[in-house]
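**Student:** Quick one: the structure is below, questions incoming.
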Amino acid sequence: MPGTLYNPNNVVIGLAVLWLQPYDPLNLPLMPDDSIPLWGDFGDPWQGAGATDNGFKFSVASQTNNVTVEEQSTPVAQTLSSRGVTISASLAEDTVQVMQWSYGTGVITSVAASPGPPVVSAKQVLTFDDNILEWAAILETQSTSGKARRYFVPKMNSGGTVDTSFRRASDKRMYPLTLTSVCAPSEIAIYDFT
Amino acid sequence: MDTVVLKAPRYRALQYGDYVISDAGTEVPAEHVDELMAAAKVFGLKLTKVKVEV
């Protein structure tokens, strides 16, 4: 009886949202309060990464070594040589903050307006530097019980190749984001609320 | 003169007049703290007081 062998309610479709905050070794990132419901506001210092082109992707890539013996064709064991955890997306909101997340470099200086004379408009300036920025990230989606599932990675580097096309009409501007985990595996956790 | 060290969030800074409040912290006169906090709020920035010298 196929009906007793599977549970269609465990099949879930749906979006995820990404929350980011700068990683600060002197003030380590914490999970938001458990009482915050699915799609709730995590509050300062978490910031939502906003809209994307095709949603977010959470990837775990394990590289293994096969241990073999001459006497058989299949491995006798596998060991783990590396494991990469990444969160990626093409961010679709064209803001200076999105550029900083995507490029993984720089400081945003917010310059207040001056009444003048001469009148100077408020502006934001993203200045590049030689550092790779570090972020804490939470990817939130819906659990099988309709509550929150939160993927917490406390320390990730942003960077990689970022291409943004400026088109007259055919598509929006997008900023590819690739966050790579640089914390201990034991610090990465998935909280599934039931 | 009473001074306060104000700090911007990491990877952010606020320039207000002659002051540049960095994420490493910048010493400012205590009488200007409220004004700087208000200026930061316009950009969604939250400055924190890390040290008060009297």
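Order determines the names: the first chain of the structure tokens is A, the second B, and so forth; residues in each chain are numbered 1 upward, and ligands are numbered 1 upward as they are shown.
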Name the residues in contact with A:Ser143 at a cut-off of 9 Å, using only C-alpha atoms, excluding same-chain residues fewer than 5 positions from it; report them as a list in words.
**Tutor:**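 The filter keeps Asn10, Val12, Ala148, Arg149, Arg150, Asp192, Phe193 and Thr194 of chain A.
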**Student:** Could you pull out the helix (DSSP H, G or I) residues of chain B, going by DSSP on the backbone, and write them as JSON, numbers by chain?
**Tutor:** {"B": [30, 31, 32, 33, 34, 35, 36, 37, 38, 39, 40, 41, 42]}
**Student:** Take the residues from that selection and put them in a file with C-alpha atoms, as a PDB file, in the first residue's frame.
**Tutor:**
```pdb
ATOM      1  CA  ALA B  30      28.643  64.683  24.650  1.00  0.00           C
ATOM      2  CA  GLU B  31      26.475  67.646  23.621  1.00  0.00           C
ATOM      3  CA  HIS B  32      26.424  66.401  20.009  1.00  0.00           C
ATOM      4  CA  VAL B  33      25.433  62.814  20.749  1.00  0.00           C
ATOM      5  CA  ASP B  34      21.670  63.256  20.335  1.00  0.00           C
ATOM      6  CA  GLU B  35      22.150  65.120  17.057  1.00  0.00           C
ATOM      7  CA  LEU B  36      24.424  62.389  15.701  1.00  0.00           C
ATOM      8  CA  MET B  37      22.064  59.642  16.825  1.00  0.00           C
ATOM      9  CA  ALA B  38      19.209  61.388  15.013  1.00  0.00           C
ATOM     10  CA  ALA B  39      21.288  61.833  11.862  1.00  0.00           C
ATOM     11  CA  ALA B  40      22.180  58.142  11.913  1.00  0.00           C
ATOM     12  CA  LYS B  41      18.550  57.136  12.335  1.00  0.00           C
ATOM     13  CA  VAL B  42      17.699  58.760   8.988  1.00  0.00           C
TER      14      VAL B  42
END
```
**Student:** Identify every residue of chain A that has at least one atom within 12 Å of any atom of chain B, counting only C-alpha atoms, and report the result as JSON, numbers by chain.
**Tutor:** {"A": [21, 22, 23, 24, 25, 26, 27, 43, 44, 45, 46, 47, 96, 97, 100, 101, 104, 105, 106, 107, 108, 109, 110, 111, 112, 113, 114, 115, 116, 120, 121, 122, 123, 124, 125, 126, 127, 128, 129, 131, 132, 133, 134, 135]}
**Student:** Store the residues picked out above in a file with N, CA and C atoms, as a short mmCIF file (atom, residue, chain, number, x, y, z; two decimals), in the first residue's frame.
**Tutor:**
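The result, written out as again_25.cif:
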```cif
data_model
loop_
_atom_site.label_atom_id
_atom_site.label_comp_id
_atom_site.auth_asym_id
_atom_site.auth_seq_id
_atom_site.Cartn_x
_atom_site.Cartn_y
_atom_site.Cartn_z
N GLN A 21 23.62 39.70 9.22
CA GLN A 21 24.19 40.74 10.07
C GLN A 21 25.70 40.61 9.98
N PRO A 22 26.43 41.71 10.17
CA PRO A 22 27.89 41.60 10.16
C PRO A 22 28.36 40.67 11.27
N TYR A 23 29.33 39.83 10.94
CA TYR A 23 29.91 38.97 11.98
C TYR A 23 30.86 39.82 12.81
N ASP A 24 30.68 39.82 14.11
CA ASP A 24 31.52 40.60 15.00
C ASP A 24 32.09 39.65 16.05
N PRO A 25 33.40 39.40 16.02
CA PRO A 25 33.97 38.44 16.98
C PRO A 25 33.84 38.88 18.43
N LEU A 26 33.64 40.19 18.65
CA LEU A 26 33.49 40.69 20.02
C LEU A 26 32.04 40.64 20.49
N ASN A 27 31.15 40.39 19.57
CA ASN A 27 29.73 40.36 19.90
C ASN A 27 29.08 39.30 19.01
N GLY A 43 14.50 41.77 13.69
CA GLY A 43 14.93 42.98 14.39
C GLY A 43 16.42 43.23 14.28
N ASP A 44 16.82 44.42 14.72
CA ASP A 44 18.21 44.84 14.67
C ASP A 44 19.08 43.86 15.49
N PRO A 45 20.27 43.47 15.03
CA PRO A 45 20.99 43.93 13.85
C PRO A 45 20.74 43.11 12.59
N TRP A 46 19.77 42.19 12.61
CA TRP A 46 19.49 41.40 11.41
C TRP A 46 18.84 42.28 10.34
N GLN A 47 19.25 42.06 9.10
CA GLN A 47 18.65 42.77 7.97
C GLN A 47 18.22 41.77 6.92
N VAL A 96 22.63 50.05 -2.09
CA VAL A 96 24.05 50.04 -1.75
C VAL A 96 24.35 48.88 -0.78
N GLN A 97 23.39 48.61 0.12
CA GLN A 97 23.59 47.49 1.05
C GLN A 97 23.70 46.16 0.31
N GLN A 100 27.11 45.83 -1.17
CA GLN A 100 28.13 45.46 -0.18
C GLN A 100 28.05 43.96 0.13
N TRP A 101 26.84 43.44 0.29
CA TRP A 101 26.71 41.99 0.53
C TRP A 101 27.27 41.21 -0.64
N GLY A 104 31.08 41.80 -1.26
CA GLY A 104 31.84 41.29 -0.12
C GLY A 104 33.00 42.16 0.28
N THR A 105 32.89 43.44 0.01
CA THR A 105 33.99 44.34 0.36
C THR A 105 33.42 45.70 0.72
N GLY A 106 34.24 46.45 1.45
CA GLY A 106 33.96 47.87 1.62
C GLY A 106 33.20 48.27 2.86
N VAL A 107 33.17 49.57 3.02
CA VAL A 107 32.43 50.21 4.12
C VAL A 107 31.43 51.16 3.49
N ILE A 108 30.21 51.14 4.01
CA ILE A 108 29.20 52.09 3.54
C ILE A 108 29.23 53.30 4.48
N THR A 109 29.56 54.45 3.93
CA THR A 109 29.50 55.68 4.71
C THR A 109 28.23 56.43 4.34
N SER A 110 27.41 56.65 5.33
CA SER A 110 26.18 57.42 5.13
C SER A 110 26.51 58.88 5.42
N VAL A 111 26.36 59.73 4.43
CA VAL A 111 26.72 61.14 4.57
C VAL A 111 25.44 61.95 4.72
N ALA A 112 25.32 62.61 5.84
CA ALA A 112 24.10 63.38 6.12
C ALA A 112 24.03 64.60 5.20
N ALA A 113 22.82 65.02 4.91
CA ALA A 113 22.61 66.22 4.09
C ALA A 113 23.08 67.45 4.85
N SER A 114 23.48 68.46 4.09
CA SER A 114 23.89 69.71 4.70
C SER A 114 23.04 70.83 4.13
N PRO A 115 22.45 71.67 5.00
CA PRO A 115 21.55 72.71 4.50
C PRO A 115 22.28 73.80 3.70
N GLY A 116 23.59 73.83 3.83
CA GLY A 116 24.37 74.75 3.01
C GLY A 116 24.42 76.16 3.54
N VAL A 120 23.98 70.33 0.22
CA VAL A 120 24.55 69.04 -0.15
C VAL A 120 23.54 67.95 0.17
N SER A 121 23.23 67.11 -0.81
CA SER A 121 22.26 66.03 -0.60
C SER A 121 22.87 64.92 0.24
N ALA A 122 21.98 64.22 0.94
CA ALA A 122 22.43 63.03 1.66
C ALA A 122 22.86 61.98 0.63
N LYS A 123 23.82 61.18 1.02
CA LYS A 123 24.25 60.12 0.10
C LYS A 123 24.86 58.97 0.88
N GLN A 124 25.01 57.86 0.17
CA GLN A 124 25.71 56.72 0.73
C GLN A 124 26.88 56.40 -0.18
N VAL A 125 28.03 56.15 0.41
CA VAL A 125 29.23 55.89 -0.37
C VAL A 125 29.78 54.52 0.03
N LEU A 126 29.87 53.63 -0.95
CA LEU A 126 30.49 52.33 -0.70
C LEU A 126 31.93 52.41 -1.18
N THR A 127 32.87 52.31 -0.25
CA THR A 127 34.28 52.39 -0.57
C THR A 127 34.89 51.00 -0.48
N PHE A 128 35.49 50.55 -1.57
CA PHE A 128 36.09 49.21 -1.59
C PHE A 128 37.36 49.18 -0.74
N ASP A 129 37.70 48.01 -0.26
CA ASP A 129 38.98 47.83 0.43
C ASP A 129 39.50 46.42 0.15
N ASN A 131 39.61 43.86 2.18
CA ASN A 131 39.09 42.84 3.09
C ASN A 131 37.95 42.05 2.46
N ILE A 132 37.76 40.84 2.97
CA ILE A 132 36.57 40.05 2.63
C ILE A 132 35.64 40.16 3.83
N LEU A 133 34.43 40.59 3.58
CA LEU A 133 33.51 40.82 4.70
C LEU A 133 32.95 39.49 5.21
N GLU A 134 32.63 39.50 6.49
CA GLU A 134 32.10 38.30 7.14
C GLU A 134 30.71 38.60 7.68
N TRP A 135 29.81 37.66 7.45
CA TRP A 135 28.42 37.85 7.84
C TRP A 135 27.92 36.63 8.60
#
```
**Student:** Skipping near chain neighbours, those fewer than 3 positions away, what residues fall within 8 Å of stretch 171-180 of chain A using only C-alpha atoms, listed as a PDB file with C-alpha atoms, in the first residue's frame?
**Tutor:**
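As written to disk, out_37.pdb reads:
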```pdb
ATOM      1  CA  ASP A  53      15.707  36.485  -9.131  1.00  0.00           C
ATOM      2  CA  GLY A  84      31.551  23.472   1.842  1.00  0.00           C
ATOM      3  CA  VAL A  85      28.344  25.124   2.969  1.00  0.00           C
ATOM      4  CA  THR A  86      27.103  27.977   0.815  1.00  0.00           C
ATOM      5  CA  ILE A  87      24.057  30.188   0.465  1.00  0.00           C
ATOM      6  CA  SER A  88      23.587  31.745  -2.940  1.00  0.00           C
ATOM      7  CA  ALA A  89      21.120  33.869  -4.851  1.00  0.00           C
ATOM      8  CA  SER A  90      20.874  36.691  -7.330  1.00  0.00           C
ATOM      9  CA  LEU A  91      19.739  39.627  -5.260  1.00  0.00           C
ATOM     10  CA  ALA A  92      17.275  41.781  -7.128  1.00  0.00           C
ATOM     11  CA  GLU A  93      16.996  44.913  -4.994  1.00  0.00           C
ATOM     12  CA  ASP A  94      19.385  47.550  -6.259  1.00  0.00           C
ATOM     13  CA  VAL A  98      22.913  44.766  -1.510  1.00  0.00           C
ATOM     14  CA  MET A  99      26.079  45.762  -3.375  1.00  0.00           C
ATOM     15  CA  TRP A 101      26.707  41.993   0.527  1.00  0.00           C
ATOM     16  CA  SER A 102      27.266  40.900  -3.047  1.00  0.00           C
ATOM     17  CA  TYR A 103      30.751  42.311  -3.624  1.00  0.00           C
ATOM     18  CA  MET A 156      30.235  33.340   6.239  1.00  0.00           C
ATOM     19  CA  ASN A 157      32.412  35.141   3.726  1.00  0.00           C
ATOM     20  CA  SER A 158      30.801  36.919   0.839  1.00  0.00           C
ATOM     21  CA  GLY A 159      32.584  37.221  -2.438  1.00  0.00           C
ATOM     22  CA  GLY A 160      33.003  35.665  -5.801  1.00  0.00           C
ATOM     23  CA  THR A 161      32.445  36.955  -9.285  1.00  0.00           C
ATOM     24  CA  VAL A 162      29.656  39.487  -9.488  1.00  0.00           C
ATOM     25  CA  ASP A 163      28.313  40.535 -12.864  1.00  0.00           C
ATOM     26  CA  THR A 164      25.510  43.035 -13.109  1.00  0.00           C
ATOM     27  CA  SER A 165      23.882  43.751 -16.452  1.00  0.00           C
ATOM     28  CA  PHE A 166      22.356  47.162 -17.019  1.00  0.00           C
ATOM     29  CA  ARG A 167      19.624  46.641 -19.571  1.00  0.00           C
ATOM     30  CA  ARG A 168      17.247  49.190 -21.042  1.00  0.00           C
TER      31      ARG A 168
END
```
**Student:** Determine, counting only C-alpha atoms, which protein, DNA and RNA residues have an atom within 9 Å of an atom of stretch 61-69 of chain A; residues of the same chain fewer than 2 positions away are not included. Present the result as a ChimeraX atom specification.
**Tutor:** /A:59,71-86
**Student:** Those same residues - N, CA and C atoms - I'd like them written as a short mmCIF file (atom, residue, chain, number, x, y, z; two decimals), in the first residue's frame.
**Tutor:**
```
data_model
loop_
_atom_site.label_atom_id
_atom_site.label_comp_id
_atom_site.auth_asym_id
_atom_site.auth_seq_id
_atom_site.Cartn_x
_atom_site.Cartn_y
_atom_site.Cartn_z
N SER A 59 23.44 25.15 -0.04
CA SER A 59 24.15 24.02 -0.63
C SER A 59 25.19 23.45 0.33
N GLU A 71 41.90 -5.72 -4.15
CA GLU A 71 41.11 -6.93 -4.27
C GLU A 71 39.65 -6.69 -4.64
N GLN A 72 39.19 -5.44 -4.62
CA GLN A 72 37.80 -5.22 -5.03
C GLN A 72 37.69 -3.91 -5.80
N SER A 73 36.64 -3.83 -6.59
CA SER A 73 36.49 -2.67 -7.47
C SER A 73 35.83 -1.49 -6.76
N THR A 74 35.07 -1.76 -5.72
CA THR A 74 34.39 -0.66 -5.02
C THR A 74 35.21 -0.23 -3.81
N PRO A 75 35.07 1.03 -3.37
CA PRO A 75 35.82 1.48 -2.19
C PRO A 75 35.45 0.67 -0.95
N VAL A 76 36.41 0.54 -0.05
CA VAL A 76 36.10 -0.12 1.22
C VAL A 76 35.69 0.90 2.28
N ALA A 77 35.97 2.16 2.00
CA ALA A 77 35.56 3.22 2.92
C ALA A 77 35.67 4.56 2.20
N GLN A 78 35.05 5.55 2.78
CA GLN A 78 35.19 6.92 2.29
C GLN A 78 35.50 7.83 3.47
N THR A 79 36.42 8.74 3.26
CA THR A 79 36.70 9.74 4.30
C THR A 79 36.37 11.12 3.74
N LEU A 80 36.10 12.02 4.64
CA LEU A 80 35.71 13.37 4.22
C LEU A 80 36.96 14.24 4.09
N SER A 81 37.19 14.80 2.93
CA SER A 81 38.35 15.70 2.77
C SER A 81 37.93 17.15 2.97
N SER A 82 36.75 17.53 2.53
CA SER A 82 36.28 18.89 2.80
C SER A 82 34.76 18.94 2.63
N ARG A 83 34.18 19.93 3.27
CA ARG A 83 32.73 20.12 3.12
C ARG A 83 32.46 21.62 3.06
N GLY A 84 31.86 22.05 2.00
CA GLY A 84 31.55 23.47 1.84
C GLY A 84 30.07 23.72 2.00
N VAL A 85 29.74 24.72 2.79
CA VAL A 85 28.34 25.12 2.97
C VAL A 85 28.18 26.52 2.39
N THR A 86 27.29 26.66 1.45
CA THR A 86 27.10 27.98 0.82
C THR A 86 25.63 28.34 0.75
#
```
**Student:** Expressed in Å to a single decimal, how great is the separation between atom CA of B:Val28 and atom CA of B:Leu6?
**Tutor:**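 That distance, rounded to one decimal, is 7.1 Å.
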**Student:** Can you work out which one of A:Asn54, A:Val60, A:Ser145, A:Tyr191 has the shortest atom-to-atom distance to A:Asp33, counting only C-alpha atoms?
**Tutor:**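 Smallest distance to A:Asp33 is found for A:Tyr191.
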**Student:** As a ChimeraX atom specification, which residues of chain A does DSSP assign to strand (DSSP E or B)?
**Tutor:** /A:16-22,47-48,52,57-67,77-91,107-111,114,120,123-127,134-142,148-158,175-181,189-192
**Student:** Work out how far atom CA of A:Leu18 is from atom CA of A:Glu140, in Å to one decimal.
**Tutor:** 6.3 Å
**Student:** Atom CA of B:Lys7 to atom CA of A:Val119: how many Å, to one decimal?
**Tutor:**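 Atom CA of B:Lys7 sits 26.9 Å away from atom CA of A:Val119.
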